[in-house]
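Have a look at data_0.tsv; it's TSV, C-alpha atoms:
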chain	number	residue	atom	x	y	z
T	1	MET	CA	180.88	67.31	117.80
T	2	ARG	CA	184.17	66.76	116.05
T	3	GLU	CA	182.45	65.77	112.82
T	4	TYR	CA	181.71	69.49	112.36
T	5	MET	CA	185.36	70.45	112.74
T	6	ASP	CA	186.58	70.30	109.17
T	7	GLY	CA	187.58	73.88	108.39
T	8	MET	CA	190.97	75.40	107.61
T	9	VAL	CA	192.32	77.74	110.26
T	10	ASP	CA	193.11	81.29	109.17
T	11	LYS	CA	196.28	82.34	111.00
T	12	SER	CA	195.31	85.99	110.90
T	13	LYS	CA	193.98	87.59	114.08
T	14	PRO	CA	190.36	86.54	114.67
T	15	PRO	CA	187.88	89.42	114.25
T	16	LEU	CA	185.85	90.46	117.26
T	17	TYR	CA	182.64	88.95	115.88
T	18	ALA	CA	184.33	85.53	115.60
T	19	TRP	CA	184.79	85.50	119.38
T	20	PHE	CA	181.13	86.45	119.77
T	21	VAL	CA	180.04	83.62	117.46
T	22	LEU	CA	182.25	81.13	119.34
T	23	ALA	CA	180.88	82.21	122.74
T	24	THR	CA	177.28	82.14	121.48
T	25	SER	CA	177.75	78.69	119.96
T	26	ILE	CA	179.27	77.20	123.12
T	27	ILE	CA	176.52	78.71	125.30
T	28	ALA	CA	173.83	77.46	122.90
T	29	VAL	CA	175.20	73.91	122.97
T	30	SER	CA	175.57	74.01	126.77
T	31	SER	CA	172.00	75.23	127.32
T	32	ALA	CA	170.27	72.15	125.92
T	33	GLY	CA	170.15	70.22	129.20
T	34	ALA	CA	168.49	73.07	131.10
T	35	VAL	CA	165.89	73.61	128.36
T	36	PHE	CA	165.08	69.89	128.26
T	37	GLN	CA	164.47	70.06	132.00
T	38	MET	CA	162.11	73.00	131.53
T	39	ILE	CA	159.73	70.64	129.69
T	40	ASP	CA	160.16	67.64	131.97
T	41	SER	CA	156.40	67.07	132.10
T	42	VAL	CA	156.87	65.52	128.63
T	43	PRO	CA	158.22	61.93	128.66
T	44	PRO	CA	162.00	61.93	128.00
T	45	LEU	CA	162.11	59.79	124.84
T	46	LEU	CA	159.28	61.85	123.37
T	47	ARG	CA	160.93	65.20	123.99
T	48	ALA	CA	164.21	63.86	122.58
T	49	SER	CA	162.26	62.81	119.47
T	50	TRP	CA	160.65	66.26	119.29
T	51	ARG	CA	164.06	67.92	119.32
T	52	LEU	CA	165.36	65.76	116.46
T	53	GLN	CA	162.10	66.00	114.48
T	54	ALA	CA	162.40	69.78	114.50
T	55	THR	CA	166.12	69.66	113.70
T	56	ALA	CA	165.51	67.30	110.76
T	57	LEU	CA	162.84	69.67	109.45
T	58	ILE	CA	165.35	72.52	109.46
T	59	LEU	CA	168.10	70.40	107.91
T	60	PHE	CA	165.93	69.06	105.08
T	61	PRO	CA	166.00	72.09	102.71
T	62	LEU	CA	169.70	72.64	103.43
T	63	ALA	CA	170.41	68.99	102.57
T	64	ILE	CA	168.42	69.32	99.31
T	65	VAL	CA	170.48	72.35	98.28
T	66	GLN	CA	173.79	70.59	98.99
T	67	PHE	CA	172.64	67.34	97.36
T	68	ASN	CA	171.73	69.17	94.15
T	69	GLN	CA	175.28	70.56	94.03
T	70	LEU	CA	176.88	67.08	94.01
T	71	ASP	CA	178.28	65.58	90.82
T	72	ASN	CA	177.23	62.14	89.61
T	73	ASP	CA	180.21	60.38	91.14
T	74	SER	CA	179.49	61.86	94.58
T	75	ILE	CA	175.80	60.95	94.32
T	76	SER	CA	176.73	57.37	93.49
T	77	ARG	CA	179.07	57.33	96.46
T	78	VAL	CA	176.31	58.58	98.78
T	79	PHE	CA	174.10	55.63	97.81
T	80	LYS	CA	176.86	53.04	98.02
T	81	LYS	CA	175.70	50.20	100.30
T	82	SER	CA	178.62	50.55	102.70
T	83	ASN	CA	178.01	54.28	103.13
T	84	ILE	CA	174.27	53.77	103.65
T	85	ALA	CA	175.13	51.19	106.32
T	86	LEU	CA	177.41	53.71	108.04
T	87	ILE	CA	174.69	56.37	107.97
T	88	LEU	CA	172.21	53.89	109.48
T	89	PHE	CA	174.71	52.96	112.19
T	90	SER	CA	175.32	56.64	112.97
T	91	GLY	CA	171.57	57.22	113.25
T	92	VAL	CA	171.22	54.33	115.69
T	93	CYS	CA	174.08	55.73	117.78
T	94	LEU	CA	172.44	59.18	117.81
T	95	TRP	CA	169.13	57.56	118.85
T	96	LEU	CA	170.77	55.79	121.78
T	97	HIS	CA	172.78	58.90	122.71
T	98	PHE	CA	169.82	61.27	122.85
T	99	GLY	CA	167.46	58.73	124.36
T	100	SER	CA	169.77	57.76	127.22
T	101	TRP	CA	170.94	61.32	127.90
T	102	VAL	CA	167.50	62.98	127.98
T	103	TRP	CA	166.21	60.07	130.09
T	104	SER	CA	169.08	60.65	132.52
T	105	LEU	CA	167.95	64.26	133.03
T	106	ASP	CA	164.82	62.89	134.72
T	107	HIS	CA	166.78	60.53	136.96
T	108	THR	CA	169.81	62.48	138.13
T	109	THR	CA	170.90	66.09	138.57
T	110	LEU	CA	171.74	68.34	135.63
T	111	PRO	CA	175.45	68.78	136.58
T	112	ARG	CA	175.97	65.04	137.00
T	113	SER	CA	174.21	64.27	133.71
T	114	LEU	CA	176.31	66.83	131.82
T	115	LEU	CA	179.55	65.61	133.41
T	116	PHE	CA	178.95	62.02	132.41
T	117	VAL	CA	177.52	62.59	128.93
T	118	THR	CA	180.48	64.80	127.91
T	119	SER	CA	183.09	62.25	129.08
T	120	HIS	CA	183.28	60.55	125.67
T	121	PRO	CA	187.02	61.31	125.22
T	122	LEU	CA	187.62	58.97	128.16
T	123	VAL	CA	185.50	56.31	126.45
T	124	ILE	CA	187.73	56.53	123.38
T	125	VAL	CA	190.81	55.83	125.50
T	126	VAL	CA	189.16	52.78	127.07
T	127	GLY	CA	188.23	51.54	123.61
T	128	LEU	CA	191.85	51.83	122.53
T	129	TRP	CA	192.93	49.91	125.63
T	130	LEU	CA	190.43	47.13	124.91
T	131	ILE	CA	191.66	46.60	121.33
T	132	ASN	CA	195.32	46.82	122.39
T	133	LYS	CA	196.01	49.99	120.44
T	134	PRO	CA	198.84	52.28	121.64
T	135	VAL	CA	197.65	55.16	123.81
T	136	GLU	CA	199.66	58.32	124.39
T	137	ARG	CA	200.86	58.52	127.99
T	138	ARG	CA	199.07	61.78	128.77
T	139	SER	CA	195.80	60.30	127.45
T	140	SER	CA	196.17	57.33	129.77
T	141	GLN	CA	196.89	59.60	132.72
T	142	GLY	CA	193.92	61.79	131.83
T	143	ALA	CA	191.62	58.78	131.58
T	144	ILE	CA	192.72	57.53	135.01
T	145	ILE	CA	192.16	60.96	136.56
T	146	GLY	CA	188.80	61.28	134.80
T	147	PHE	CA	187.52	57.91	135.97
T	148	LEU	CA	188.73	58.64	139.48
T	149	GLY	CA	186.59	61.78	139.35
T	150	ALA	CA	183.66	59.72	138.04
T	151	ALA	CA	184.05	57.29	140.94
T	152	ILE	CA	183.96	60.15	143.44
T	153	ILE	CA	180.82	61.55	141.82
T	154	ILE	CA	179.10	58.17	141.98
T	155	ALA	CA	180.17	57.70	145.60
T	156	GLY	CA	178.21	60.84	146.50
T	157	VAL	CA	174.99	59.72	144.84
T	158	GLU	CA	173.09	59.51	148.13
T	159	SER	CA	174.07	63.02	149.20
T	160	GLU	CA	172.05	64.67	146.40
T	161	GLY	CA	168.33	64.11	146.59
T	162	GLU	CA	167.59	64.04	142.84
T	163	ALA	CA	170.66	61.98	141.90
T	164	SER	CA	170.60	58.25	141.20
T	165	LEU	CA	173.12	55.69	140.03
T	166	VAL	CA	170.87	54.58	137.18
T	167	GLY	CA	170.59	58.20	135.98
T	168	ASP	CA	174.37	58.64	136.08
T	169	LEU	CA	174.85	55.40	134.15
T	170	ALA	CA	172.28	56.43	131.55
T	171	ALA	CA	174.19	59.68	130.94
T	172	PHE	CA	177.42	57.71	130.62
T	173	LEU	CA	175.70	55.42	128.11
T	174	GLY	CA	175.03	58.60	126.14
T	175	ALA	CA	178.79	59.27	126.14
T	176	ILE	CA	179.56	55.71	124.96
T	177	THR	CA	177.05	55.74	122.11
T	178	VAL	CA	177.97	59.20	120.84
T	179	VAL	CA	181.50	57.90	120.13
T	180	GLY	CA	180.06	55.80	117.30
T	181	TYR	CA	178.20	58.83	115.96
T	182	PHE	CA	181.38	60.94	116.05
T	183	THR	CA	183.51	58.20	114.49
T	184	VAL	CA	181.20	57.75	111.52
T	185	GLY	CA	180.82	61.52	111.20
T	186	ARG	CA	184.56	62.04	111.02
T	187	LEU	CA	184.82	59.38	108.29
T	188	MET	CA	181.85	60.50	106.21
T	189	ARG	CA	182.41	64.24	106.56
T	190	SER	CA	185.82	63.89	104.89
T	191	TRP	CA	183.91	63.89	101.58
T	192	MET	CA	180.16	64.21	102.23
T	193	PRO	CA	178.59	67.70	102.61
T	194	LEU	CA	177.54	68.55	106.16
T	195	PHE	CA	173.76	68.66	105.72
T	196	VAL	CA	173.62	65.72	103.29
T	197	TYR	CA	175.14	63.66	106.10
T	198	ALA	CA	173.34	65.23	109.05
T	199	PHE	CA	169.78	65.10	107.70
T	200	PRO	CA	169.31	61.31	107.24
T	201	VAL	CA	171.15	60.58	110.49
T	202	THR	CA	168.99	63.03	112.45
T	203	LEU	CA	165.77	61.87	110.78
T	204	LEU	CA	166.50	58.20	111.53
T	205	ALA	CA	167.27	58.98	115.18
T	206	ALA	CA	164.04	61.01	115.45
T	207	ILE	CA	161.99	58.13	114.00
T	208	LEU	CA	163.60	55.57	116.32
T	209	LEU	CA	163.02	57.80	119.34
T	210	GLY	CA	159.41	58.28	118.30
T	211	ILE	CA	158.87	54.51	117.97
T	212	SER	CA	160.59	53.97	121.33
T	213	SER	CA	158.28	56.51	122.95
T	214	LEU	CA	155.20	54.91	121.39
T	215	VAL	CA	156.24	51.54	122.82
T	216	ALA	CA	157.67	52.54	126.21
T	217	GLU	CA	155.92	55.77	127.18
T	218	GLY	CA	152.37	55.41	125.94
T	219	THR	CA	152.76	58.16	123.37
T	220	THR	CA	149.86	58.59	120.96
T	221	ILE	CA	149.58	59.74	117.34
T	222	ASN	CA	146.74	62.11	118.17
T	223	GLY	CA	146.41	65.60	116.78
T	224	ILE	CA	147.60	68.74	118.51
T	225	ASP	CA	145.24	69.30	121.43
T	226	GLU	CA	145.25	69.58	125.20
T	227	SER	CA	146.96	66.16	125.46
T	228	SER	CA	149.83	67.16	123.17
T	229	SER	CA	152.36	66.43	125.94
T	230	ILE	CA	152.00	62.75	125.01
T	231	ALA	CA	151.46	63.19	121.26
T	232	LEU	CA	154.11	62.14	118.77
T	233	PHE	CA	153.97	65.53	117.05
T	234	GLY	CA	152.85	67.47	120.11
T	235	TRP	CA	155.77	69.86	119.79
T	236	LEU	CA	153.76	71.69	117.12
T	237	SER	CA	151.42	72.86	119.91
T	238	MET	CA	152.13	76.43	121.03
T	239	ALA	CA	152.61	75.09	124.56
T	240	TRP	CA	155.81	73.32	123.48
T	241	LEU	CA	156.86	74.89	120.16
T	242	PRO	CA	158.99	77.71	121.66
T	243	TYR	CA	161.08	75.23	123.68
T	244	VAL	CA	161.54	72.73	120.87
T	245	ALA	CA	162.21	75.46	118.31
T	246	TYR	CA	164.94	76.81	120.57
T	247	LEU	CA	166.47	73.34	121.00
T	248	ALA	CA	166.48	72.81	117.23
T	249	ILE	CA	167.67	76.27	116.23
T	250	GLY	CA	169.89	77.08	119.24
T	251	PRO	CA	171.93	74.00	120.24
T	252	GLY	CA	170.94	72.03	117.13
T	253	LEU	CA	171.77	74.51	114.36
T	254	VAL	CA	173.32	77.74	115.64
T	255	GLY	CA	175.63	75.89	118.03
T	256	HIS	CA	176.91	73.32	115.54
T	257	THR	CA	176.97	75.59	112.50
T	258	GLY	CA	178.60	78.41	114.46
T	259	ILE	CA	181.35	76.12	115.70
T	260	ASN	CA	181.95	74.87	112.18
T	261	GLY	CA	182.10	78.44	110.90
T	262	VAL	CA	184.63	79.83	113.40
T	263	LEU	CA	187.11	77.07	112.56
T	264	LYS	CA	188.30	79.52	109.93
T	265	TRP	CA	189.96	81.44	112.77
T	266	PHE	CA	190.20	79.08	115.75
T	267	SER	CA	191.98	75.75	116.05
T	268	PRO	CA	190.00	72.55	116.74
T	269	LEU	CA	191.99	72.29	119.99
T	270	LEU	CA	190.63	75.59	121.32
T	271	ILE	CA	187.08	74.64	120.39
T	272	SER	CA	187.44	71.15	121.89
T	273	VAL	CA	188.66	72.69	125.15
T	274	CYS	CA	185.70	75.09	125.14
T	275	LEU	CA	183.31	72.17	124.64
T	276	VAL	CA	184.82	70.33	127.61
T	277	MET	CA	183.52	73.24	129.68
T	278	GLU	CA	179.93	72.34	128.72
T	279	PRO	CA	179.11	70.77	132.13
T	280	LEU	CA	180.23	73.92	133.94
T	281	ILE	CA	178.42	76.31	131.60
T	282	GLY	CA	175.31	74.13	131.39
T	283	SER	CA	175.13	73.77	135.18
T	284	LEU	CA	175.42	77.54	135.59
T	285	ILE	CA	172.60	78.06	133.06
T	286	GLY	CA	170.49	75.55	134.98
T	287	TYR	CA	171.19	77.31	138.28
T	288	LEU	CA	170.27	80.72	136.85
T	289	PHE	CA	167.15	79.78	134.87
T	290	ILE	CA	165.61	76.72	136.52
T	291	SER	CA	167.04	77.09	140.03
T	292	THR	CA	168.89	73.78	140.14
T	293	GLU	CA	170.51	72.98	143.49
T	294	ILE	CA	174.21	73.57	144.09
T	295	PRO	CA	175.92	70.16	143.75
T	296	GLY	CA	177.43	68.37	146.74
T	297	TRP	CA	181.18	68.37	147.34
T	298	GLU	CA	181.56	64.93	145.70
T	299	THR	CA	180.09	66.22	142.45
T	300	LEU	CA	182.12	69.44	142.61
T	301	PHE	CA	185.44	67.74	143.41
T	302	GLY	CA	184.86	64.65	141.28
T	303	GLY	CA	183.53	66.80	138.46
T	304	ALA	CA	186.66	68.95	138.54
T	305	LEU	CA	188.80	65.80	138.23
T	306	LEU	CA	186.59	64.50	135.42
T	307	ILE	CA	186.94	67.77	133.49
T	308	VAL	CA	190.71	67.86	134.04
T	309	GLY	CA	191.06	64.26	132.85
T	310	THR	CA	188.90	64.95	129.80
T	311	LEU	CA	190.98	68.04	129.00
T	312	MET	CA	194.19	66.00	129.22
T	313	VAL	CA	192.81	63.40	126.84
T	314	THR	CA	191.44	66.05	124.45
T	315	THR	CA	194.70	68.01	124.22
T	316	SER	CA	196.73	64.81	123.92
T	317	GLN	CA	194.58	63.49	121.08
T	318	HIS	CA	194.95	66.80	119.27
T	319	SER	CA	198.75	66.75	119.65
T	320	THR	CA	198.88	63.18	118.34
T	321	SER	CA	196.71	64.08	115.34
T	322	VAL	CA	198.95	67.02	114.45
T	323	MET	CA	202.09	64.89	114.68
T	324	GLU	CA	200.51	62.24	112.43
T	325	GLY	CA	199.53	64.91	109.91
T	326	GLU	CA	195.78	64.39	110.19
Go ahead and render the structure in this file as structure tokens.
Amino acid sequence: MREYMDGMVDKSKPPLYAWFVLATSIIAVSSAGAVFQMIDSVPPLLRASWRLQATALILFPLAIVQFNQLDNDSISRVFKKSNIALILFSGVCLWLHFGSWVWSLDHTTLPRSLLFVTSHPLVIVVGLWLINKPVERRSSQGAIIGFLGAAIIIAGVESEGEASLVGDLAAFLGAITVVGYFTVGRLMRSWMPLFVYAFPVTLLAAILLGISSLVAEGTTINGIDESSSIALFGWLSMAWLPYVAYLAIGPGLVGHTGINGVLKWFSPLLISVCLVMEPLIGSLIGYLFISTEIPGWETLFGGALLIVGTLMVTTSQHSTSVMEGE
């Protein structure tokens, strides 16, 4: 979510409502996994497509407004071939991220899925290792601790009835692919308005997820009827609309937009640390609202190590960025 973090921090004391907006945004983002599991009778790729279809619908008018405010030079830059290629790549990454993560929710437990899908800071460190780029010592230590925690979680896969190695790996694939989405977002959002960037990326991911569901899950292009749980646009049925609307408006819009807004008062470091707590908050929401089981000791202990390692990498990356004047 760092592509949303482009505000200037106001050093004055944050008003009370800013803390409320921050808390609401973090909770909204963290609740997505539990809500996806509430509609698990819908095939995973299809419900991921539903979420992004609805989000794209909300983003469309906002993107039109921002696009109309661009000058001619900026419009030409938007349609430059290299930038279109980057947007397409970002959309593919978002497709793979959402598809693999939502699929993992059907094949492993909610806490394990959230732990692995939010471990993308560790993926960045591994990428730097692979291309022989220098890595700050604390980042390396955090990555080692984080992957040790991941190994402990995986070792306990047989102790939790709904957990599976393939589900854990699918969630981790979501962490790997979202790095590409974040990387392009950070580059493009340095000059492109938020919704002008987010709309085409979200729409492309929704289309690719829909095609994937048609091919792999037997989804149909029927109208909205009693079989809407396997219909490409079945989320428009009243049976599913409240859930999908919440996913689009809550985590998809309120969460992201709220986080972007409170950057006026809070540093990106504070918000990044709050986001690392998503597995804990999301698991608690799942326990309270859909009665998920309490994880085994391997997931609890390994998850704690994974969160600590991710925090170390996150804070280290922030310190390095500040020192480099980014």
query = What separation in Å, quoted to one decimal, exists between atom CA of T:Gly234 and atom CA of T:Ala216?
reply =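 That distance, rounded to one decimal, is 16.8 Å.
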task = Would you kindly return, as an NGL selection string, each protein, DNA or RNA residue with an atom no farther than 12 Å from any atom of stretch 203-213 of chain T, considering all atoms listed in the file and excluding same-chain residues fewer than 5 positions away?
result = :T and (42-60 or 63 or 84 or 87-100 or 102-103 or 181 or 195-198 or 218-221 or 229-234)
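Computed from the coordinates, the atom CA of T:Ala32 to atom CA of T:Gly185 distance equals 21.0 Å.
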ask   = How many Å separate atom CA of T:Glu293 from atom CA of T:Ser113?
value =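 Separation between atom CA of T:Glu293 and atom CA of T:Ser113: 13.6 Å.
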message = (195.0, 71.1, 133.7) in this file's frame - what residues fall within 12 Å of it? Use all atoms listed in the file and give the answer as a PyMOL selection string.
response = chain T and resi 138+141-142+145-146+273+276+304-316
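The residues that lie within 8 Å of the point (178.1, 62.2, 131.3), counting all atoms listed in the file, are Trp101, Arg112, Ser113, Leu114, Leu115, Phe116, Val117, Thr118, Ser119, His120, Asp168, Ala171, Phe172, Leu173, Gly174 and Ala175 of chain T.
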ask   = From the set T:Met38, T:Met277, T:Leu86, T:Ile27, which residue has the shortest atom-to-atom contact distance to T:Phe289, counting only C-alpha atoms?
value = T:Met38
key: Non-local contacts of T:Glu158 (12 Å; all atoms listed in the file; under 4 positions in same chain excluded) as a PyMOL selection string   = chain T and resi 108-109+152-154+162-165+295-296+298-299
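Residue nearest T:Trp191 within the list T:Leu62, T:Ala34, T:Ile75, T:Val135: T:Ile75 [criterion: smallest interatomic distance, all atoms listed in the file].
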As a CSV table (one decimal), in the coordinates of the input, could you write out stretch 76-89 of chain T once it has been completed with N, CA and C atoms?
chain,number,residue,atom,x,y,z
T,76,SER,N,176.6,58.8,93.5
T,76,SER,CA,176.7,57.4,93.5
T,76,SER,C,177.4,56.9,94.8
T,77,ARG,N,178.4,57.7,95.2
T,77,ARG,CA,179.1,57.3,96.5
T,77,ARG,C,178.1,57.4,97.7
T,78,VAL,N,177.3,58.4,97.7
T,78,VAL,CA,176.3,58.6,98.8
T,78,VAL,C,175.5,57.3,98.9
T,79,PHE,N,175.0,56.8,97.8
T,79,PHE,CA,174.1,55.6,97.8
T,79,PHE,C,174.8,54.3,97.7
T,80,LYS,N,176.1,54.3,97.9
T,80,LYS,CA,176.9,53.0,98.0
T,80,LYS,C,176.4,52.3,99.3
T,81,LYS,N,176.2,51.0,99.2
T,81,LYS,CA,175.7,50.2,100.3
T,81,LYS,C,176.5,50.4,101.6
T,82,SER,N,177.8,50.4,101.5
T,82,SER,CA,178.6,50.6,102.7
T,82,SER,C,178.4,51.9,103.4
T,83,ASN,N,178.2,52.9,102.6
T,83,ASN,CA,178.0,54.3,103.1
T,83,ASN,C,176.6,54.4,103.7
T,84,ILE,N,175.6,53.8,103.1
T,84,ILE,CA,174.3,53.8,103.6
T,84,ILE,C,174.3,53.0,105.0
T,85,ALA,N,175.0,51.9,105.1
T,85,ALA,CA,175.1,51.2,106.3
T,85,ALA,C,175.8,52.1,107.4
T,86,LEU,N,176.8,52.8,107.1
T,86,LEU,CA,177.4,53.7,108.0
T,86,LEU,C,176.4,54.8,108.5
T,87,ILE,N,175.7,55.3,107.6
T,87,ILE,CA,174.7,56.4,108.0
T,87,ILE,C,173.6,55.8,108.9
T,88,LEU,N,173.2,54.6,108.6
T,88,LEU,CA,172.2,53.9,109.5
T,88,LEU,C,172.8,53.6,110.9
T,89,PHE,N,174.0,53.2,110.9
T,89,PHE,CA,174.7,53.0,112.2
T,89,PHE,C,174.8,54.3,113.0
